[in-house]
Amino acid sequence: MEKEKFYLTTTLPYVNASPHIGFATEIIRADVIARYQKGLGKDIFFNTGTDEHGQKIYDKATEAGKTPQEYVDGYSAEFQKIIPLLGISSDIHFVRTTDDHHKIAAQEMWRRCVANGDIYKANHQVKYCKGCELEKTDSELEDGKCPLHTTYEIEIREEENYFFRFSKYQEALLELYRKNPTFVVPEFRLKEITSFVEGGLQDFSVSRLKSKMSWGIPVPDDEDHVMYVWFDALTNYISTTGWPEKEDFGGWWPGIQFAGKDNLRQQSAVWQAMLLSAKLPTSKQIYIGGFINSGGQKMSKSLGNVISPHELVERYGTDATRYLLLRHVHPYEDTDITWERLDEWYTANLVNGLGNLTSRILKMSETYLDKSPYSQGVEVMNAVRNDTKEREFEYALRSFNLQVAIDEIWRIVGQIDLQITHEEPFKVVKEDKKKAKEMIEVYLYYLVRIGLLVEPFMPETSKTILDAIKTNKKPENLFPRLL
RNA sequence: CGCGGGGUAGAGGAGAGGUACCUCGGGAGGCUCAUAACCUCCAGACCCCGGUUCAAUUCCGGGCCCCGCAACCA
């Protein structure tokens, strides 16, 4: 029997900086869903990668005295390293927008949009500040002037670009949102994008003059232009599946996309319009997460409040880092984190919570049981899995509310701690050994459940717990106390 | 009236038309299987002003304040 296919992807981080904690959170969340769906017996295609073209990279590379290719090779490698660091499924696909195959796919995308009459040439007005000798975007200007050079007037320069007929898709996009009320999760993001699209769409430039900025995928049949980086980058979600050679995307697309709130428009409007234009299926669902701030402010090098994924793993370990980001970063809203809070959560929930519970149960089990009821391992445990259908848990996972899903697990942790205190098996064992053994077996049963439930979130920890139960041996401290 | 989110104990979060919950921190006690862990109890809160209602912190209106985004910036 053919397994059901399940596709999900992160956004591709732009490689002008080292991996950010926000991206770490995004890919960990996606990984949890991937592992969970895999556990349900589905075939998984899990995609990530790096977005490597565009002006900013070109500038940064030049600044660093490197060719753009050298520059992006270095950064892409850095992003690839984060996969094992964060315990991400090792069979994840990693697409680079500088891959030859991706370039072919982006050009095919372009041709299809052209064929549908949605790409045309027009004058592109560029705002230019003579003081900076740079082009400026509207959001960089204050009162129509460059904040750094208020004495200069902004100059409007015109150049010929290709434009994408975004405006044509207003109705189609609105219909897509109407027909599919969970197209964007959470709901308030769907409302946000709906009102944005209702406000009217403007065609936008999707090419750059090669003479000014050559670091992009060549526009088909026009040597003077390269593609604007967004047009190229968004195509990765399907190029990674082997499209266009595989016209049916190998059966993977349409899929689920994870993104940050800064990507709402690009993912849920621009990309969908491109797909519609190319007459390809629109995405299945888009999950939008919030931002992570630190100490009430945006993380920035100058403020010195940056918390990097590497530092987290160094301090807490891979699984604990996953836990902290999954449980304590809000699934939809912005979250503020500090080292103090992270330490607190680590100690309260992992050291004193799950880690300690595992120790106390296994110590009793090791001392009073001759052997584990689960010594045969997998099959017996899978039987437990079958009555581990926590409804709330599954609902939470389906709506990407991993916080709530984890809370469900920790509720069991709390229950068992309480139950042990009340039943006092360590006292009972002195009078009624048989009864004490039965109690301990119940605790073990729940610990198996916890071990199974925790698997998508903390795969290594899950394995350690289940192995310990199987061999009836108390493990080394799961989560060492911070010094 | 550009769009959207939000203001809940000392801190960080959840929540719902009617006893406001969780974690950390503070105070008192219990237990000893466990990583000085675990359990119990106590103190402590719903931005302001109107309205709807038998009843609102929760719904509606207004105000004050905070935070994102405002498109070609990935």
# chains A, B, ... in the order shown; residues from 1 in each chain; ligands from 1
call {"tool": "closest_atom_pairs", "arguments": {"of": "chain B", "to": "chain A", "cutoff": "7 Å", "atoms": "only C-alpha atoms (C1' of nucleotides)", "output": "tab-separated table"}}
result
residue	atom	partner	partner_atom	distance
B:G4	C1'	A:Glu192	CA	6.1
B:C24	C1'	A:Glu344	CA	6.8
B:C33	C1'	A:Arg360	CA	5.6
B:A34	C1'	A:Arg360	CA	3.8
B:U35	C1'	A:Asn356	CA	5.8
B:A37	C1'	A:Asn352	CA	6.2
B:C38	C1'	A:Asp417	CA	6.5
B:C39	C1'	A:Thr421	CA	6.0
B:C72	C1'	A:Phe204	CA	6.1
B:C73	C1'	A:Thr137	CA	7.0
B:A74	C1'	A:Tyr14	CA	5.6
call {"tool": "write_last_selection", "arguments": {"atoms": "N, CA and C atoms (P, O5', C5', C4', C3', O3' and C1' of nucleotides)", "output": "short mmCIF file (atom, residue, chain, number, x, y, z; two decimals), in the first residue's frame"}}
result
data_model
loop_
_atom_site.label_atom_id
_atom_site.label_comp_id
_atom_site.auth_asym_id
_atom_site.auth_seq_id
_atom_site.Cartn_x
_atom_site.Cartn_y
_atom_site.Cartn_z
P G B 4 -7.35 45.78 10.74
"O5'" G B 4 -6.25 44.98 11.55
"C5'" G B 4 -5.92 43.66 11.15
"C4'" G B 4 -4.64 43.23 11.83
"C3'" G B 4 -4.67 43.17 13.35
"O3'" G B 4 -5.39 42.05 13.83
"C1'" G B 4 -2.65 44.11 12.65
P C B 24 7.75 26.24 39.54
"O5'" C B 24 8.57 27.61 39.50
"C5'" C B 24 9.77 27.68 38.76
"C4'" C B 24 10.29 29.10 38.77
"C3'" C B 24 10.46 29.73 40.14
"O3'" C B 24 11.67 29.33 40.75
"C1'" C B 24 9.38 31.26 38.72
P C B 33 13.94 6.68 51.10
"O5'" C B 33 13.98 6.68 49.51
"C5'" C B 33 14.15 5.47 48.81
"C4'" C B 33 13.80 5.75 47.38
"C3'" C B 33 14.46 6.99 46.81
"O3'" C B 33 15.78 6.67 46.40
"C1'" C B 33 12.19 6.90 46.16
P A B 34 16.92 7.75 46.54
"O5'" A B 34 16.64 8.72 45.30
"C5'" A B 34 16.73 8.21 43.97
"C4'" A B 34 16.25 9.30 43.04
"C3'" A B 34 17.01 10.62 43.21
"O3'" A B 34 18.07 10.63 42.27
"C1'" A B 34 14.66 10.99 43.25
P U B 35 19.51 11.02 42.72
"O5'" U B 35 19.48 12.57 42.34
"C5'" U B 35 20.61 13.38 42.64
"C4'" U B 35 20.31 14.73 42.02
"C3'" U B 35 19.02 15.36 42.56
"O3'" U B 35 19.39 16.48 43.37
"C1'" U B 35 19.26 15.58 40.21
P A B 37 16.18 22.03 44.59
"O5'" A B 37 15.39 21.21 43.51
"C5'" A B 37 14.30 20.55 43.74
"C4'" A B 37 14.31 19.16 43.12
"C3'" A B 37 12.93 18.54 43.20
"O3'" A B 37 12.19 18.91 42.05
"C1'" A B 37 14.51 17.05 44.13
P C B 38 10.85 19.75 42.17
"O5'" C B 38 9.85 18.66 42.72
"C5'" C B 38 9.61 17.45 42.02
"C4'" C B 38 8.84 16.51 42.88
"C3'" C B 38 7.65 17.15 43.58
"O3'" C B 38 6.52 17.19 42.74
"C1'" C B 38 8.92 15.95 45.16
P C B 39 5.47 18.38 42.87
"O5'" C B 39 4.68 18.01 44.21
"C5'" C B 39 3.87 16.85 44.27
"C4'" C B 39 3.28 16.71 45.65
"C3'" C B 39 2.55 17.93 46.16
"O3'" C B 39 1.21 17.97 45.69
"C1'" C B 39 4.03 17.17 47.82
P C B 72 9.50 48.75 -1.04
"O5'" C B 72 10.92 48.20 -1.41
"C5'" C B 72 11.31 46.87 -1.05
"C4'" C B 72 11.25 45.97 -2.25
"C3'" C B 72 12.00 46.50 -3.46
"O3'" C B 72 13.31 45.98 -3.44
"C1'" C B 72 9.81 45.77 -4.06
P C B 73 14.45 47.02 -2.94
"O5'" C B 73 14.57 46.75 -1.39
"C5'" C B 73 14.99 45.48 -0.90
"C4'" C B 73 14.99 45.56 0.60
"C3'" C B 73 15.18 44.22 1.31
"O3'" C B 73 16.56 44.01 1.55
"C1'" C B 73 13.53 45.62 2.37
P A B 74 17.33 42.89 0.81
"O5'" A B 74 16.31 41.67 0.72
"C5'" A B 74 16.40 40.75 -0.37
"C4'" A B 74 15.44 39.63 -0.10
"C3'" A B 74 14.10 40.10 0.41
"O3'" A B 74 13.23 40.31 -0.69
"C1'" A B 74 14.88 38.18 1.58
#
call {"tool": "residues_around", "arguments": {"residues": "region 98-105 of chain A", "least_positions_apart": "3", "cutoff": "6 Å", "atoms": "only C-alpha atoms (C1' of nucleotides)", "output": "count of residues only"}}
result
3
call {"tool": "residues_around", "arguments": {"residues": "C66 (chain B)", "least_positions_apart": "4", "cutoff": "12 Å", "atoms": "only C-alpha atoms (C1' of nucleotides)", "output": "mmCIF file with C-alpha atoms (C1' of nucleotides), in the first residue's frame"}}
result
data_model
loop_
_atom_site.group_PDB
_atom_site.id
_atom_site.type_symbol
_atom_site.label_atom_id
_atom_site.label_comp_id
_atom_site.auth_asym_id
_atom_site.auth_seq_id
_atom_site.Cartn_x
_atom_site.Cartn_y
_atom_site.Cartn_z
ATOM 1 C CA GLY A 296 12.335 43.903 25.421
ATOM 2 C "C1'" G B 5 -1.370 42.392 17.764
ATOM 3 C "C1'" G B 6 -1.485 43.557 22.900
ATOM 4 C "C1'" G B 7 -2.210 45.814 28.159
ATOM 5 C "C1'" C B 47 -5.057 49.837 32.176
#
call {"tool": "residues_around", "arguments": {"residues": "Leu326 (chain A)", "least_positions_apart": "5", "cutoff": "10 Å", "atoms": "only C-alpha atoms (C1' of nucleotides)", "output": "PyMOL selection string"}}
result
chain A and resi 25-26+28-29+32+320-321+331+401-406+457
call {"tool": "write_last_selection", "arguments": {"atoms": "N, CA and C atoms", "output": "compact mmCIF listing (two decimals), in the first residue's frame"}}
result
# COMPACT_ATOMS: atom_id res chain seq x y z
N THR A 25 14.11 28.28 15.69
CA THR A 25 12.79 27.93 16.20
C THR A 25 11.90 27.41 15.08
N GLU A 26 11.96 28.08 13.96
CA GLU A 26 11.13 27.68 12.82
C GLU A 26 11.47 26.26 12.35
N ILE A 28 13.00 23.89 14.02
CA ILE A 28 12.71 22.90 15.06
C ILE A 28 11.22 22.58 15.07
N ARG A 29 10.41 23.61 14.95
CA ARG A 29 8.96 23.38 14.91
C ARG A 29 8.60 22.49 13.73
N VAL A 32 9.49 18.94 14.39
CA VAL A 32 8.57 18.25 15.29
C VAL A 32 7.37 17.72 14.50
N ALA A 320 17.35 19.95 25.06
CA ALA A 320 16.83 20.98 25.96
C ALA A 320 16.61 22.28 25.20
N THR A 321 17.49 22.58 24.25
CA THR A 321 17.30 23.77 23.42
C THR A 321 16.00 23.66 22.63
N PRO A 331 3.66 30.21 20.02
CA PRO A 331 3.49 29.69 18.66
C PRO A 331 3.10 30.75 17.63
N ASN A 401 0.12 24.19 17.50
CA ASN A 401 0.30 24.77 18.83
C ASN A 401 1.11 23.80 19.68
N LEU A 402 2.42 23.86 19.45
CA LEU A 402 3.30 22.89 20.09
C LEU A 402 3.43 23.15 21.59
N GLN A 403 3.22 24.37 21.98
CA GLN A 403 3.22 24.72 23.41
C GLN A 403 2.19 23.89 24.15
N VAL A 404 0.97 23.91 23.63
CA VAL A 404 -0.12 23.19 24.27
C VAL A 404 0.16 21.69 24.26
N ALA A 405 0.71 21.20 23.16
CA ALA A 405 1.03 19.77 23.06
C ALA A 405 2.01 19.38 24.16
N ILE A 406 3.03 20.21 24.35
CA ILE A 406 4.02 19.91 25.39
C ILE A 406 3.40 19.99 26.78
N PHE A 457 9.52 15.90 19.95
CA PHE A 457 10.07 17.13 20.51
C PHE A 457 11.54 16.96 20.92
call {"tool": "select_by_dssp", "arguments": {"residues": "region 267-447 of chain A", "states": "strand (DSSP E)", "output": "ChimeraX atom specification"}}
result
/A:285-289,292-294,297-298,335-337
call {"tool": "write_last_selection", "arguments": {"atoms": "C-alpha atoms", "output": "CSV table (one decimal), in the first residue's frame"}}
result
chain,number,residue,atom,x,y,z
A,285,GLN,CA,-1.2,25.7,4.4
A,286,ILE,CA,1.1,28.4,5.7
A,287,TYR,CA,2.0,28.6,9.4
A,288,ILE,CA,3.2,32.0,10.5
A,289,GLY,CA,5.2,32.4,13.7
A,292,ILE,CA,11.8,36.6,19.3
A,293,ASN,CA,13.1,39.6,21.2
A,294,SER,CA,15.5,39.8,24.0
A,297,GLN,CA,14.2,44.8,22.3
A,298,LYS,CA,15.0,43.4,18.9
A,335,THR,CA,8.2,36.3,22.6
A,336,ASP,CA,10.8,37.9,24.8
A,337,ILE,CA,13.6,35.7,26.1
call {"tool": "select_by_dssp", "arguments": {"residues": "region 181-322 of chain A", "states": "alpha helix (DSSP H)", "output": "MDAnalysis selection string"}}
result
chainID A and resid 187:198 229:234 236:239 264:265 271:277 309:316 318:322
call {"tool": "write_last_selection", "arguments": {"atoms": "N, CA and C atoms", "output": "tab-separated table (two decimals), in the first residue's frame"}}
result
chain	number	residue	atom	x	y	z
A	187	GLU	N	-5.33	32.35	12.65
A	187	GLU	CA	-6.41	33.01	11.93
A	187	GLU	C	-6.18	34.51	11.75
A	188	PHE	N	-5.63	35.15	12.78
A	188	PHE	CA	-5.48	36.61	12.66
A	188	PHE	C	-4.50	37.00	11.57
A	189	ARG	N	-3.60	36.09	11.21
A	189	ARG	CA	-2.72	36.38	10.08
A	189	ARG	C	-3.47	36.27	8.76
A	190	LEU	N	-4.40	35.35	8.71
A	190	LEU	CA	-5.21	35.23	7.50
A	190	LEU	C	-6.03	36.50	7.31
A	191	LYS	N	-6.57	37.01	8.42
A	191	LYS	CA	-7.33	38.26	8.35
A	191	LYS	C	-6.43	39.40	7.88
A	192	GLU	N	-5.24	39.39	8.39
A	192	GLU	CA	-4.30	40.46	8.05
A	192	GLU	C	-3.98	40.45	6.55
A	193	ILE	N	-3.69	39.27	6.05
A	193	ILE	CA	-3.32	39.21	4.63
A	193	ILE	C	-4.54	39.47	3.76
A	194	THR	N	-5.71	39.04	4.23
A	194	THR	CA	-6.92	39.30	3.47
A	194	THR	C	-7.15	40.81	3.32
A	195	SER	N	-7.01	41.53	4.43
A	195	SER	CA	-7.26	42.96	4.33
A	195	SER	C	-6.17	43.66	3.52
A	196	PHE	N	-5.00	43.09	3.55
A	196	PHE	CA	-3.95	43.65	2.70
A	196	PHE	C	-4.30	43.48	1.22
A	197	VAL	N	-4.73	42.30	0.86
A	197	VAL	CA	-5.05	42.04	-0.54
A	197	VAL	C	-6.29	42.84	-0.96
A	198	GLU	N	-7.25	42.94	-0.04
A	198	GLU	CA	-8.45	43.74	-0.34
A	198	GLU	C	-8.09	45.20	-0.64
A	229	VAL	N	15.39	38.76	-6.46
A	229	VAL	CA	15.67	37.60	-5.61
A	229	VAL	C	14.41	36.88	-5.10
A	230	TRP	N	13.35	37.61	-4.83
A	230	TRP	CA	12.15	36.93	-4.32
A	230	TRP	C	11.56	35.96	-5.34
A	231	PHE	N	11.55	36.40	-6.59
A	231	PHE	CA	10.94	35.55	-7.60
A	231	PHE	C	11.69	34.22	-7.67
A	232	ASP	N	12.98	34.34	-7.60
A	232	ASP	CA	13.85	33.16	-7.66
A	232	ASP	C	13.68	32.31	-6.40
A	233	ALA	N	13.76	32.97	-5.24
A	233	ALA	CA	13.81	32.21	-3.98
A	233	ALA	C	12.52	31.44	-3.71
A	234	LEU	N	11.39	32.05	-3.96
A	234	LEU	CA	10.13	31.38	-3.65
A	234	LEU	C	9.96	30.08	-4.42
A	236	ASN	N	11.91	27.85	-4.79
A	236	ASN	CA	12.60	26.70	-4.17
A	236	ASN	C	11.65	25.64	-3.64
A	237	TYR	N	10.47	26.09	-3.20
A	237	TYR	CA	9.55	25.13	-2.57
A	237	TYR	C	9.13	24.04	-3.52
A	238	ILE	N	9.17	24.34	-4.81
A	238	ILE	CA	8.85	23.27	-5.77
A	238	ILE	C	10.10	22.76	-6.49
A	239	SER	N	11.10	23.62	-6.66
A	239	SER	CA	12.30	23.12	-7.35
A	239	SER	C	12.92	21.97	-6.56
A	264	LEU	N	4.81	37.01	5.79
A	264	LEU	CA	3.39	36.77	5.52
A	264	LEU	C	3.01	37.09	4.08
A	265	ARG	N	3.37	38.27	3.61
A	265	ARG	CA	2.98	38.69	2.26
A	265	ARG	C	3.60	37.85	1.18
A	271	TRP	N	3.74	34.51	-3.48
A	271	TRP	CA	4.06	33.15	-3.94
A	271	TRP	C	2.81	32.46	-4.50
A	272	GLN	N	1.69	32.67	-3.85
A	272	GLN	CA	0.45	32.05	-4.33
A	272	GLN	C	0.06	32.62	-5.69
A	273	ALA	N	0.26	33.92	-5.87
A	273	ALA	CA	-0.05	34.53	-7.17
A	273	ALA	C	0.87	33.97	-8.24
A	274	MET	N	2.13	33.76	-7.90
A	274	MET	CA	3.06	33.18	-8.88
A	274	MET	C	2.61	31.78	-9.29
A	275	LEU	N	2.20	31.01	-8.30
A	275	LEU	CA	1.74	29.65	-8.59
A	275	LEU	C	0.50	29.68	-9.48
A	276	LEU	N	-0.42	30.58	-9.16
A	276	LEU	CA	-1.63	30.70	-9.96
A	276	LEU	C	-1.28	31.08	-11.40
A	277	SER	N	-0.35	32.02	-11.51
A	277	SER	CA	0.06	32.47	-12.84
A	277	SER	C	0.68	31.32	-13.65
A	309	PRO	N	21.72	30.26	18.35
A	309	PRO	CA	21.45	28.83	18.51
A	309	PRO	C	22.65	28.07	19.06
A	310	HIS	N	23.84	28.46	18.64
A	310	HIS	CA	25.03	27.77	19.13
A	310	HIS	C	25.21	27.92	20.64
A	311	GLU	N	24.99	29.14	21.09
A	311	GLU	CA	25.13	29.38	22.53
A	311	GLU	C	24.10	28.58	23.33
A	312	LEU	N	22.90	28.47	22.80
A	312	LEU	CA	21.86	27.72	23.49
A	312	LEU	C	22.25	26.26	23.63
A	313	VAL	N	22.70	25.69	22.53
A	313	VAL	CA	23.06	24.27	22.55
A	313	VAL	C	24.25	24.04	23.48
A	314	GLU	N	25.15	24.98	23.45
A	314	GLU	CA	26.33	24.84	24.31
A	314	GLU	C	25.93	24.82	25.79
A	315	ARG	N	24.97	25.62	26.14
A	315	ARG	CA	24.59	25.71	27.55
A	315	ARG	C	23.64	24.60	27.97
A	316	TYR	N	22.67	24.28	27.13
A	316	TYR	CA	21.61	23.36	27.56
A	316	TYR	C	21.63	22.00	26.87
A	318	THR	N	21.27	19.84	22.96
A	318	THR	CA	20.37	19.91	21.81
A	318	THR	C	18.90	19.74	22.19
A	319	ASP	N	18.58	18.69	22.90
A	319	ASP	CA	17.17	18.43	23.20
A	319	ASP	C	16.57	19.50	24.09
A	320	ALA	N	17.35	19.95	25.06
A	320	ALA	CA	16.83	20.98	25.96
A	320	ALA	C	16.61	22.28	25.20
A	321	THR	N	17.49	22.58	24.25
A	321	THR	CA	17.30	23.77	23.42
A	321	THR	C	16.00	23.66	22.63
A	322	ARG	N	15.76	22.48	22.08
A	322	ARG	CA	14.50	22.26	21.36
A	322	ARG	C	13.33	22.50	22.29
call {"tool": "residues_around", "arguments": {"residues": "A56 (chain B)", "least_positions_apart": "3", "cutoff": "12 Å", "atoms": "only C-alpha atoms (C1' of nucleotides)", "output": "list in words"}}
result
A16, G17, G18, C46, G51, U52, U53, C59 and C60 of chain B
call {"tool": "atom_distance", "arguments": {"atom1": "CA of Gly251 (chain A)", "atom2": "CA of Lys3 (chain A)"}}
result
11.3 Å
call {"tool": "decode", "arguments": {"residues": "region 21-46 of chain B", "atoms": "N, CA and C atoms (P, O5', C5', C4', C3', O3' and C1' of nucleotides)", "output": "CSV table (one decimal), in the first residue's frame"}}
result
chain,number,residue,atom,x,y,z
B,21,C,P,-7.9,30.2,40.3
B,21,C,O5',-6.8,29.2,39.6
B,21,C,C5',-7.3,28.1,38.8
B,21,C,C4',-6.4,27.9,37.6
B,21,C,C3',-4.9,27.8,37.9
B,21,C,O3',-4.5,26.6,38.5
B,21,C,C1',-5.3,29.2,36.0
B,22,C,P,-3.2,26.6,39.4
B,22,C,O5',-2.0,26.7,38.3
B,22,C,C5',-1.8,25.6,37.3
B,22,C,C4',-0.7,26.0,36.4
B,22,C,C3',0.6,26.3,37.0
B,22,C,O3',1.3,25.1,37.4
B,22,C,C1',0.2,27.8,35.3
B,23,U,P,2.3,25.3,38.6
B,23,U,O5',3.6,26.0,38.0
B,23,U,C5',4.3,25.3,37.0
B,23,U,C4',5.4,26.2,36.5
B,23,U,C3',6.2,26.9,37.6
B,23,U,O3',7.3,26.1,38.1
B,23,U,C1',5.6,28.5,36.0
B,24,C,P,7.7,26.2,39.5
B,24,C,O5',8.6,27.6,39.5
B,24,C,C5',9.8,27.7,38.8
B,24,C,C4',10.3,29.1,38.8
B,24,C,C3',10.5,29.7,40.1
B,24,C,O3',11.7,29.3,40.8
B,24,C,C1',9.4,31.3,38.7
B,25,G,P,11.7,29.2,42.3
B,25,G,O5',11.5,30.7,42.8
B,25,G,C5',12.6,31.7,42.5
B,25,G,C4',12.1,33.1,42.9
B,25,G,C3',11.6,33.1,44.4
B,25,G,O3',12.7,33.3,45.3
B,25,G,C1',10.0,34.2,43.0
B,26,G,P,12.6,32.6,46.7
B,26,G,O5',11.5,33.4,47.5
B,26,G,C5',11.7,34.8,47.7
B,26,G,C4',10.6,35.4,48.6
B,26,G,C3',10.3,34.5,49.8
B,26,G,O3',11.1,34.6,50.9
B,26,G,C1',8.3,35.3,48.7
B,27,G,P,11.4,33.4,51.8
B,27,G,O5',10.0,33.3,52.6
B,27,G,C5',9.6,34.3,53.5
B,27,G,C4',8.3,33.9,54.2
B,27,G,C3',8.2,32.5,54.8
B,27,G,O3',8.9,32.4,56.0
B,27,G,C1',6.3,32.9,53.5
B,28,A,P,9.5,31.0,56.5
B,28,A,O5',8.2,30.1,56.8
B,28,A,C5',7.4,30.4,57.9
B,28,A,C4',6.2,29.4,58.0
B,28,A,C3',6.6,27.9,58.0
B,28,A,O3',7.0,27.5,59.3
B,28,A,C1',4.9,28.3,56.5
B,29,G,P,8.0,26.3,59.4
B,29,G,O5',7.2,25.0,58.9
B,29,G,C5',6.3,24.3,59.7
B,29,G,C4',5.4,23.4,59.0
B,29,G,C3',6.0,22.0,58.5
B,29,G,O3',6.1,21.1,59.6
B,29,G,C1',4.8,23.0,56.8
B,30,G,P,7.1,19.9,59.5
B,30,G,O5',6.5,19.0,58.3
B,30,G,C5',5.2,18.3,58.5
B,30,G,C4',4.9,17.5,57.3
B,30,G,C3',5.9,16.4,56.9
B,30,G,O3',5.7,15.2,57.6
B,30,G,C1',5.3,17.6,55.0
B,31,C,P,7.0,14.3,57.9
B,31,C,O5',7.3,13.7,56.5
B,31,C,C5',6.4,12.7,55.9
B,31,C,C4',6.8,12.4,54.5
B,31,C,C3',8.2,11.8,54.4
B,31,C,O3',8.2,10.4,54.6
B,31,C,C1',8.1,13.6,52.8
B,32,U,P,9.4,9.7,55.3
B,32,U,O5',10.4,9.6,54.1
B,32,U,C5',10.1,8.9,52.9
B,32,U,C4',11.2,9.3,51.9
B,32,U,C3',12.6,8.6,52.2
B,32,U,O3',12.7,7.7,51.2
B,32,U,C1',12.7,11.0,51.9
B,33,C,P,13.9,6.7,51.1
B,33,C,O5',14.0,6.7,49.5
B,33,C,C5',14.2,5.5,48.8
B,33,C,C4',13.8,5.8,47.4
B,33,C,C3',14.5,7.0,46.8
B,33,C,O3',15.8,6.7,46.4
B,33,C,C1',12.2,6.9,46.2
B,34,A,P,16.9,7.8,46.5
B,34,A,O5',16.6,8.7,45.3
B,34,A,C5',16.7,8.2,44.0
B,34,A,C4',16.3,9.3,43.0
B,34,A,C3',17.0,10.6,43.2
B,34,A,O3',18.1,10.6,42.3
B,34,A,C1',14.7,11.0,43.2
B,35,U,P,19.5,11.0,42.7
B,35,U,O5',19.5,12.6,42.3
B,35,U,C5',20.6,13.4,42.6
B,35,U,C4',20.3,14.7,42.0
B,35,U,C3',19.0,15.4,42.6
B,35,U,O3',19.4,16.5,43.4
B,35,U,C1',19.3,15.6,40.2
B,36,A,P,20.1,17.0,44.4
B,36,A,O5',19.1,18.2,44.8
B,36,A,C5',17.8,18.0,45.3
B,36,A,C4',17.6,19.0,46.3
B,36,A,C3',17.8,20.4,45.8
B,36,A,O3',16.5,21.0,45.8
B,36,A,C1',18.9,20.0,47.9
B,37,A,P,16.2,22.0,44.6
B,37,A,O5',15.4,21.2,43.5
B,37,A,C5',14.3,20.5,43.7
B,37,A,C4',14.3,19.2,43.1
B,37,A,C3',12.9,18.5,43.2
B,37,A,O3',12.2,18.9,42.0
B,37,A,C1',14.5,17.1,44.1
B,38,C,P,10.9,19.7,42.2
B,38,C,O5',9.8,18.7,42.7
B,38,C,C5',9.6,17.5,42.0
B,38,C,C4',8.8,16.5,42.9
B,38,C,C3',7.7,17.2,43.6
B,38,C,O3',6.5,17.2,42.7
B,38,C,C1',8.9,16.0,45.2
B,39,C,P,5.5,18.4,42.9
B,39,C,O5',4.7,18.0,44.2
B,39,C,C5',3.9,16.8,44.3
B,39,C,C4',3.3,16.7,45.6
B,39,C,C3',2.5,17.9,46.2
B,39,C,O3',1.2,18.0,45.7
B,39,C,C1',4.0,17.2,47.8
B,40,U,P,0.4,19.4,45.6
B,40,U,O5',0.2,19.7,47.1
B,40,U,C5',-0.7,18.9,47.9
B,40,U,C4',-0.8,19.5,49.3
B,40,U,C3',-1.2,21.0,49.3
B,40,U,O3',-2.6,21.2,49.2
B,40,U,C1',0.6,20.6,50.8
B,41,C,P,-3.1,22.5,48.5
B,41,C,O5',-2.9,23.6,49.7
B,41,C,C5',-3.7,23.5,50.9
B,41,C,C4',-3.1,24.4,51.9
B,41,C,C3',-3.0,25.9,51.5
B,41,C,O3',-4.3,26.6,51.6
B,41,C,C1',-1.0,25.3,52.5
B,42,C,P,-4.6,27.9,50.8
B,42,C,O5',-3.6,28.9,51.4
B,42,C,C5',-3.8,29.3,52.8
B,42,C,C4',-2.8,30.4,53.1
B,42,C,C3',-2.8,31.6,52.2
B,42,C,O3',-3.8,32.5,52.5
B,42,C,C1',-0.6,30.9,52.7
B,43,A,P,-4.4,33.5,51.4
B,43,A,O5',-3.2,34.6,51.3
B,43,A,C5',-3.0,35.5,52.4
B,43,A,C4',-1.9,36.4,52.0
B,43,A,C3',-2.1,37.1,50.7
B,43,A,O3',-2.8,38.3,50.8
B,43,A,C1',0.1,36.2,50.7
B,44,G,P,-4.0,38.6,49.9
B,44,G,O5',-3.2,39.1,48.6
B,44,G,C5',-2.4,40.2,48.6
B,44,G,C4',-1.6,40.2,47.3
B,44,G,C3',-2.4,40.1,46.0
B,44,G,O3',-3.0,41.3,45.6
B,44,G,C1',-0.6,38.6,45.9
B,45,A,P,-4.5,41.3,45.0
B,45,A,O5',-4.2,41.3,43.4
B,45,A,C5',-3.6,42.5,42.8
B,45,A,C4',-3.5,42.3,41.4
B,45,A,C3',-4.9,42.3,40.7
B,45,A,O3',-5.4,43.6,40.4
B,45,A,C1',-3.6,40.5,39.8
B,46,C,P,-7.0,43.9,40.1
B,46,C,O5',-7.2,43.3,38.7
B,46,C,C5',-7.0,44.1,37.5
B,46,C,C4',-6.7,43.2,36.4
B,46,C,C3',-7.4,43.6,35.1
B,46,C,O3',-6.4,44.3,34.3
B,46,C,C1',-7.7,41.3,35.4
